[in-house]
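Worksheet: one structure, shown below.
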Amino acid sequence: MPFLSEPSRAALDRLAQDESAATPPDPLTRVRGIRALTVALETESAILQSVREALEGGSSWNEVADAAGLGPAAAKWRWQGTDSEIEARHEAGRKRAVRPSSVPTDLPGLSVSDAAARLGVTPQAVYLKVTRGTLTARTVDLADGRKYKRVFLPDDPEA
């Protein structure tokens, strides 16, 4: 009885046909075929089922992780819990992955490190000045969940 899903099996079959063709496909077609198989296997339900069966059969998370080429923490992150818990974890990971990685440049005030450079002190000194009330700072929350501490110098009109 086959254990791969239909999309994985189809992608594997297409790649095998390309592999055994008398004339190999062009390089971009090969890349697309390999990528299609990779995408299909990344979402393969047989992996989760196999992990659950291995654990029920007495295998440890260390053994599962070793078989998958992962660390135990990564294996647990991928496959531990109910279907809904796993999906929620993976969805949160996808959301984090699409967030911009650069700091926005249109934030008010200065970053702590920029304020420290402007004042000629260390970032720790800026935090002390904020704590003592000699500098104003506030946290700016962005819609995507990122937060930035912004410092306002005395000559800043937004202070």
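By convention in this document, the chains of the structure tokens carry letters A, B, ... by their order, each chain's residues are numbered from 1, and ligands are numbered from 1 in the order they are shown.
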Original post:
Please, which residues of chain A, numbered as in this document, come out strand (DSSP E or B) from DSSP, as a PyMOL selection string?
Top reply: chain A and resi 110+136-141+147-152
Written file, previous selection with all heavy atoms, as a JSON list (two decimals), in the first residue's frame:
```
[["chain", "number", "residue", "atom", "x", "y", "z"],
["A", 110, "LEU", "N", 14.46, 58.71, 17.87],
["A", 110, "LEU", "CA", 15.70, 58.01, 17.52],
["A", 110, "LEU", "C", 15.71, 56.63, 18.16],
["A", 110, "LEU", "O", 15.09, 56.41, 19.20],
["A", 110, "LEU", "CB", 16.91, 58.79, 18.05],
["A", 110, "LEU", "CG", 17.12, 60.22, 17.54],
["A", 110, "LEU", "CD1", 18.19, 60.91, 18.36],
["A", 110, "LEU", "CD2", 17.52, 60.18, 16.07],
["A", 136, "THR", "N", 13.12, 61.34, 27.33],
["A", 136, "THR", "CA", 11.80, 60.76, 27.09],
["A", 136, "THR", "C", 11.94, 59.62, 26.09],
["A", 136, "THR", "O", 12.67, 59.74, 25.11],
["A", 136, "THR", "CB", 10.84, 61.83, 26.50],
["A", 136, "THR", "OG1", 10.79, 62.92, 27.39],
["A", 136, "THR", "CG2", 9.46, 61.27, 26.29],
["A", 137, "ALA", "N", 11.24, 58.53, 26.37],
["A", 137, "ALA", "CA", 11.23, 57.39, 25.45],
["A", 137, "ALA", "C", 9.85, 56.76, 25.47],
["A", 137, "ALA", "O", 9.13, 56.85, 26.47],
["A", 137, "ALA", "CB", 12.29, 56.37, 25.84],
["A", 138, "ARG", "N", 9.51, 56.14, 24.37],
["A", 138, "ARG", "CA", 8.28, 55.36, 24.33],
["A", 138, "ARG", "C", 8.46, 54.21, 23.34],
["A", 138, "ARG", "O", 9.31, 54.26, 22.46],
["A", 138, "ARG", "CB", 7.07, 56.23, 24.02],
["A", 138, "ARG", "CG", 6.96, 56.73, 22.61],
["A", 138, "ARG", "CD", 5.61, 57.46, 22.41],
["A", 138, "ARG", "NE", 5.43, 57.82, 21.04],
["A", 138, "ARG", "CZ", 5.62, 59.04, 20.55],
["A", 138, "ARG", "NH1", 5.98, 60.01, 21.35],
["A", 138, "ARG", "NH2", 5.43, 59.27, 19.28],
["A", 139, "THR", "N", 7.62, 53.20, 23.50],
["A", 139, "THR", "CA", 7.66, 52.05, 22.61],
["A", 139, "THR", "C", 6.64, 52.26, 21.50],
["A", 139, "THR", "O", 5.48, 52.60, 21.77],
["A", 139, "THR", "CB", 7.33, 50.76, 23.38],
["A", 139, "THR", "OG1", 8.29, 50.62, 24.44],
["A", 139, "THR", "CG2", 7.39, 49.55, 22.48],
["A", 140, "VAL", "N", 7.08, 52.09, 20.28],
["A", 140, "VAL", "CA", 6.20, 52.22, 19.11],
["A", 140, "VAL", "C", 5.82, 50.81, 18.68],
["A", 140, "VAL", "O", 6.68, 49.98, 18.41],
["A", 140, "VAL", "CB", 6.93, 52.97, 17.97],
["A", 140, "VAL", "CG1", 6.06, 53.01, 16.72],
["A", 140, "VAL", "CG2", 7.32, 54.36, 18.41],
["A", 141, "ASP", "N", 4.51, 50.52, 18.65],
["A", 141, "ASP", "CA", 3.99, 49.22, 18.21],
["A", 141, "ASP", "C", 3.56, 49.32, 16.76],
["A", 141, "ASP", "O", 2.75, 50.18, 16.41],
["A", 141, "ASP", "CB", 2.79, 48.80, 19.06],
["A", 141, "ASP", "CG", 3.15, 48.60, 20.52],
["A", 141, "ASP", "OD1", 4.25, 48.11, 20.79],
["A", 141, "ASP", "OD2", 2.31, 48.94, 21.38],
["A", 147, "LYS", "N", 7.92, 45.80, 17.82],
["A", 147, "LYS", "CA", 7.95, 46.93, 18.76],
["A", 147, "LYS", "C", 9.35, 47.53, 18.75],
["A", 147, "LYS", "O", 10.34, 46.81, 18.71],
["A", 147, "LYS", "CB", 7.61, 46.45, 20.17],
["A", 147, "LYS", "CG", 6.23, 45.89, 20.31],
["A", 147, "LYS", "CD", 5.96, 45.45, 21.71],
["A", 147, "LYS", "CE", 4.53, 44.89, 21.78],
["A", 147, "LYS", "NZ", 4.07, 44.74, 23.14],
["A", 148, "TYR", "N", 9.39, 48.86, 18.83],
["A", 148, "TYR", "CA", 10.66, 49.58, 18.83],
["A", 148, "TYR", "C", 10.66, 50.62, 19.93],
["A", 148, "TYR", "O", 9.71, 51.38, 20.07],
["A", 148, "TYR", "CB", 10.92, 50.26, 17.48],
["A", 148, "TYR", "CG", 11.12, 49.28, 16.35],
["A", 148, "TYR", "CD1", 10.07, 48.90, 15.54],
["A", 148, "TYR", "CD2", 12.37, 48.73, 16.12],
["A", 148, "TYR", "CE1", 10.25, 47.99, 14.52],
["A", 148, "TYR", "CE2", 12.55, 47.82, 15.10],
["A", 148, "TYR", "CZ", 11.50, 47.46, 14.30],
["A", 148, "TYR", "OH", 11.68, 46.55, 13.30],
["A", 149, "LYS", "N", 11.74, 50.64, 20.72],
["A", 149, "LYS", "CA", 11.93, 51.68, 21.72],
["A", 149, "LYS", "C", 12.49, 52.89, 20.99],
["A", 149, "LYS", "O", 13.50, 52.80, 20.30],
["A", 149, "LYS", "CB", 12.91, 51.20, 22.81],
["A", 149, "LYS", "CG", 13.23, 52.24, 23.86],
["A", 149, "LYS", "CD", 12.08, 52.50, 24.78],
["A", 149, "LYS", "CE", 11.93, 51.38, 25.77],
["A", 149, "LYS", "NZ", 10.84, 51.55, 26.71],
["A", 150, "ARG", "N", 11.82, 54.02, 21.15],
["A", 150, "ARG", "CA", 12.26, 55.25, 20.49],
["A", 150, "ARG", "C", 12.54, 56.31, 21.54],
["A", 150, "ARG", "O", 11.80, 56.47, 22.52],
["A", 150, "ARG", "CB", 11.19, 55.75, 19.52],
["A", 150, "ARG", "CG", 10.78, 54.72, 18.48],
["A", 150, "ARG", "CD", 11.93, 54.20, 17.66],
["A", 150, "ARG", "NE", 12.40, 55.23, 16.75],
["A", 150, "ARG", "CZ", 13.38, 55.09, 15.87],
["A", 150, "ARG", "NH1", 14.03, 53.96, 15.80],
["A", 150, "ARG", "NH2", 13.72, 56.08, 15.10],
["A", 151, "VAL", "N", 13.63, 57.03, 21.36],
["A", 151, "VAL", "CA", 14.09, 58.04, 22.32],
["A", 151, "VAL", "C", 13.90, 59.42, 21.69],
["A", 151, "VAL", "O", 14.17, 59.63, 20.51],
["A", 151, "VAL", "CB", 15.58, 57.81, 22.68],
["A", 151, "VAL", "CG1", 16.09, 58.88, 23.63],
["A", 151, "VAL", "CG2", 15.76, 56.42, 23.26],
["A", 152, "PHE", "N", 13.44, 60.37, 22.52],
["A", 152, "PHE", "CA", 13.21, 61.73, 22.05],
["A", 152, "PHE", "C", 14.13, 62.66, 22.83],
["A", 152, "PHE", "O", 14.03, 62.78, 24.06],
["A", 152, "PHE", "CB", 11.74, 62.11, 22.25],
["A", 152, "PHE", "CG", 10.81, 61.20, 21.49],
["A", 152, "PHE", "CD1", 10.33, 60.03, 22.06],
["A", 152, "PHE", "CD2", 10.48, 61.48, 20.18],
["A", 152, "PHE", "CE1", 9.50, 59.18, 21.35],
["A", 152, "PHE", "CE2", 9.64, 60.65, 19.47],
["A", 152, "PHE", "CZ", 9.16, 59.49, 20.04]]
```
Write out as a tab-separated table (two decimals) with N, CA and C atoms, in the first residue's frame each polymer residue whose atoms come within 9 Å of range 63-77 of chain A, counting only C-alpha atoms; drop sequence neighbours fewer than 2 positions from it.
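Ended up saving to result.tsv:
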```tsv
chain	number	residue	atom	x	y	z
A	51	VAL	N	5.73	9.60	11.99
A	51	VAL	CA	6.29	10.04	13.27
A	51	VAL	C	5.39	9.56	14.41
A	54	ALA	N	5.81	5.87	14.89
A	54	ALA	CA	7.11	5.56	15.51
A	54	ALA	C	7.07	5.83	17.01
A	55	LEU	N	6.48	6.96	17.40
A	55	LEU	CA	6.39	7.29	18.82
A	55	LEU	C	5.49	6.29	19.56
A	59	SER	N	9.54	4.50	19.86
A	59	SER	CA	10.70	5.31	19.47
A	59	SER	C	10.71	6.60	20.27
A	60	SER	N	11.90	7.13	20.51
A	60	SER	CA	12.04	8.39	21.25
A	60	SER	C	12.08	9.55	20.28
A	61	TRP	N	11.92	10.76	20.82
A	61	TRP	CA	12.03	11.95	19.99
A	61	TRP	C	13.44	12.06	19.42
A	79	TRP	N	6.25	18.26	14.75
A	79	TRP	CA	5.33	17.14	14.80
A	79	TRP	C	4.69	16.85	16.15
A	80	GLN	N	5.00	17.55	17.20
A	80	GLN	CA	4.42	17.23	18.50
A	80	GLN	C	3.07	17.93	18.69
A	81	GLY	N	2.11	17.21	19.24
A	81	GLY	CA	0.81	17.79	19.55
A	81	GLY	C	-0.27	17.35	18.58
A	86	ILE	N	-0.23	21.80	15.87
A	86	ILE	CA	0.85	21.84	14.88
A	86	ILE	C	0.57	22.91	13.83
A	89	ARG	N	1.16	26.40	15.23
A	89	ARG	CA	2.59	26.68	15.36
A	89	ARG	C	3.19	27.01	13.99
A	90	HIS	N	2.84	26.22	13.00
A	90	HIS	CA	3.39	26.44	11.66
A	90	HIS	C	2.86	27.73	11.05
```
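Distances to Pro7 in chain A were evaluated for A:Thr23, A:Tyr127, A:Glu42, A:Leu135 using only C-alpha atoms, and the minimum falls at A:Glu42.
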Original post:
Contacts of Leu4 in chain A at 7 Å or less, counting only C-alpha atoms, minus same-chain residues fewer than 4 places along, as an MDAnalysis selection string?
Top reply: chainID A and resid 8:9 46
Subject >> All alpha helix (DSSP H) positions in range 41-115 of chain A, as a ChimeraX atom specification >> reply: /A:41-42,45-56,61-68,72-79,83-98,112-115
Restricted to N, CA and C atoms, what would the selected residues look like written as a compact mmCIF listing (two decimals), in the first residue's frame?
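Below you can see again-v7.txt, which holds the result:
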```txt
# COMPACT_ATOMS: atom_id res chain seq x y z
N LEU A 41 6.69 17.23 -0.72
CA LEU A 41 7.17 16.46 0.43
C LEU A 41 7.15 17.26 1.73
N GLU A 42 7.33 18.57 1.64
CA GLU A 42 7.30 19.41 2.85
C GLU A 42 5.92 19.38 3.50
N SER A 45 1.60 14.45 4.46
CA SER A 45 0.95 13.98 5.69
C SER A 45 1.53 12.64 6.15
N ALA A 46 2.14 11.89 5.26
CA ALA A 46 2.71 10.60 5.64
C ALA A 46 3.85 10.77 6.63
N ILE A 47 4.53 11.89 6.60
CA ILE A 47 5.62 12.13 7.55
C ILE A 47 5.05 12.19 8.96
N LEU A 48 4.03 13.01 9.16
CA LEU A 48 3.42 13.14 10.48
C LEU A 48 2.85 11.80 10.95
N GLN A 49 2.18 11.10 10.06
CA GLN A 49 1.63 9.79 10.43
C GLN A 49 2.74 8.83 10.81
N SER A 50 3.83 8.83 10.07
CA SER A 50 4.95 7.94 10.37
C SER A 50 5.60 8.30 11.71
N VAL A 51 5.73 9.60 11.99
CA VAL A 51 6.29 10.04 13.27
C VAL A 51 5.39 9.56 14.41
N ARG A 52 4.09 9.75 14.26
CA ARG A 52 3.16 9.32 15.32
C ARG A 52 3.23 7.80 15.52
N GLU A 53 3.31 7.05 14.43
CA GLU A 53 3.41 5.59 14.55
C GLU A 53 4.73 5.19 15.22
N ALA A 54 5.81 5.87 14.89
CA ALA A 54 7.11 5.56 15.51
C ALA A 54 7.07 5.83 17.01
N LEU A 55 6.48 6.96 17.40
CA LEU A 55 6.39 7.29 18.82
C LEU A 55 5.49 6.29 19.56
N GLU A 56 4.37 5.93 18.95
CA GLU A 56 3.47 4.94 19.56
C GLU A 56 4.16 3.58 19.67
N TRP A 61 11.92 10.76 20.82
CA TRP A 61 12.03 11.95 19.99
C TRP A 61 13.44 12.06 19.42
N ASN A 62 14.45 11.61 20.16
CA ASN A 62 15.83 11.64 19.65
C ASN A 62 15.96 10.76 18.42
N GLU A 63 15.31 9.58 18.44
CA GLU A 63 15.37 8.68 17.30
C GLU A 63 14.61 9.25 16.11
N VAL A 64 13.45 9.84 16.38
CA VAL A 64 12.67 10.46 15.31
C VAL A 64 13.48 11.60 14.68
N ALA A 65 14.07 12.44 15.54
CA ALA A 65 14.85 13.57 15.05
C ALA A 65 16.03 13.10 14.21
N ASP A 66 16.71 12.06 14.67
CA ASP A 66 17.86 11.52 13.93
C ASP A 66 17.42 11.00 12.56
N ALA A 67 16.30 10.29 12.52
CA ALA A 67 15.80 9.76 11.25
C ALA A 67 15.44 10.88 10.27
N ALA A 68 14.97 12.01 10.81
CA ALA A 68 14.55 13.13 9.96
C ALA A 68 15.68 14.10 9.67
N PRO A 72 16.25 17.29 18.15
CA PRO A 72 15.01 16.92 18.84
C PRO A 72 14.02 18.08 18.99
N ALA A 73 14.52 19.28 19.29
CA ALA A 73 13.62 20.43 19.45
C ALA A 73 12.91 20.76 18.14
N ALA A 74 13.64 20.69 17.03
CA ALA A 74 13.03 20.97 15.72
C ALA A 74 12.00 19.91 15.36
N ALA A 75 12.30 18.65 15.66
CA ALA A 75 11.35 17.58 15.37
C ALA A 75 10.07 17.77 16.18
N LYS A 76 10.23 18.10 17.45
CA LYS A 76 9.04 18.33 18.29
C LYS A 76 8.25 19.53 17.78
N TRP A 77 8.96 20.59 17.36
CA TRP A 77 8.27 21.79 16.85
C TRP A 77 7.43 21.41 15.64
N ARG A 78 7.95 20.56 14.78
CA ARG A 78 7.22 20.18 13.57
C ARG A 78 6.07 19.23 13.83
N TRP A 79 6.25 18.26 14.75
CA TRP A 79 5.33 17.14 14.80
C TRP A 79 4.69 16.85 16.15
N ASP A 83 -3.22 17.94 15.59
CA ASP A 83 -3.16 18.57 14.26
C ASP A 83 -3.36 20.07 14.36
N SER A 84 -4.31 20.52 15.19
CA SER A 84 -4.58 21.96 15.30
C SER A 84 -3.43 22.69 15.98
N GLU A 85 -2.78 22.07 16.97
CA GLU A 85 -1.62 22.71 17.61
C GLU A 85 -0.45 22.84 16.64
N ILE A 86 -0.23 21.80 15.87
CA ILE A 86 0.85 21.84 14.88
C ILE A 86 0.57 22.91 13.83
N GLU A 87 -0.65 22.95 13.34
CA GLU A 87 -1.02 23.95 12.32
C GLU A 87 -0.87 25.36 12.87
N ALA A 88 -1.29 25.59 14.10
CA ALA A 88 -1.16 26.93 14.70
C ALA A 88 0.31 27.33 14.82
N ARG A 89 1.16 26.40 15.23
CA ARG A 89 2.59 26.68 15.36
C ARG A 89 3.19 27.01 13.99
N HIS A 90 2.84 26.22 13.00
CA HIS A 90 3.39 26.44 11.66
C HIS A 90 2.86 27.73 11.05
N GLU A 91 1.60 28.05 11.29
CA GLU A 91 1.04 29.31 10.78
C GLU A 91 1.76 30.50 11.41
N ALA A 92 2.02 30.43 12.71
CA ALA A 92 2.76 31.51 13.38
C ALA A 92 4.16 31.64 12.78
N GLY A 93 4.79 30.53 12.47
CA GLY A 93 6.11 30.57 11.84
C GLY A 93 6.07 31.20 10.46
N ARG A 94 5.03 30.89 9.69
CA ARG A 94 4.90 31.49 8.35
C ARG A 94 4.68 33.00 8.46
N LYS A 95 3.89 33.44 9.45
CA LYS A 95 3.66 34.87 9.62
C LYS A 95 4.95 35.59 9.98
N ARG A 96 5.77 34.96 10.86
CA ARG A 96 7.04 35.58 11.22
C ARG A 96 7.96 35.67 10.00
N ALA A 97 7.91 34.66 9.16
CA ALA A 97 8.81 34.60 8.01
C ALA A 97 8.51 35.68 6.97
N VAL A 98 7.28 36.15 6.89
CA VAL A 98 6.96 37.14 5.86
C VAL A 98 7.07 38.57 6.37
N VAL A 112 17.63 53.73 20.32
CA VAL A 112 18.48 53.89 21.49
C VAL A 112 19.94 54.05 21.07
N SER A 113 20.38 53.25 20.11
CA SER A 113 21.78 53.36 19.68
C SER A 113 22.06 54.68 18.97
N ASP A 114 21.10 55.20 18.18
CA ASP A 114 21.29 56.50 17.54
C ASP A 114 21.32 57.63 18.57
N ALA A 115 20.44 57.54 19.57
CA ALA A 115 20.44 58.55 20.63
C ALA A 115 21.75 58.51 21.40
```
Original post:
Quick one: distance from CA of Thr105 in chain A to CA of Val130 in chain A in Å, one decimal?
Top reply: 22.1 Å
**OP:** Tell me, in Å to one decimal, how far CA of Leu142 in chain A is from CA of Gly120 in chain A.
**Re:**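 Rounded to one decimal, the two atoms are 28.7 Å apart.
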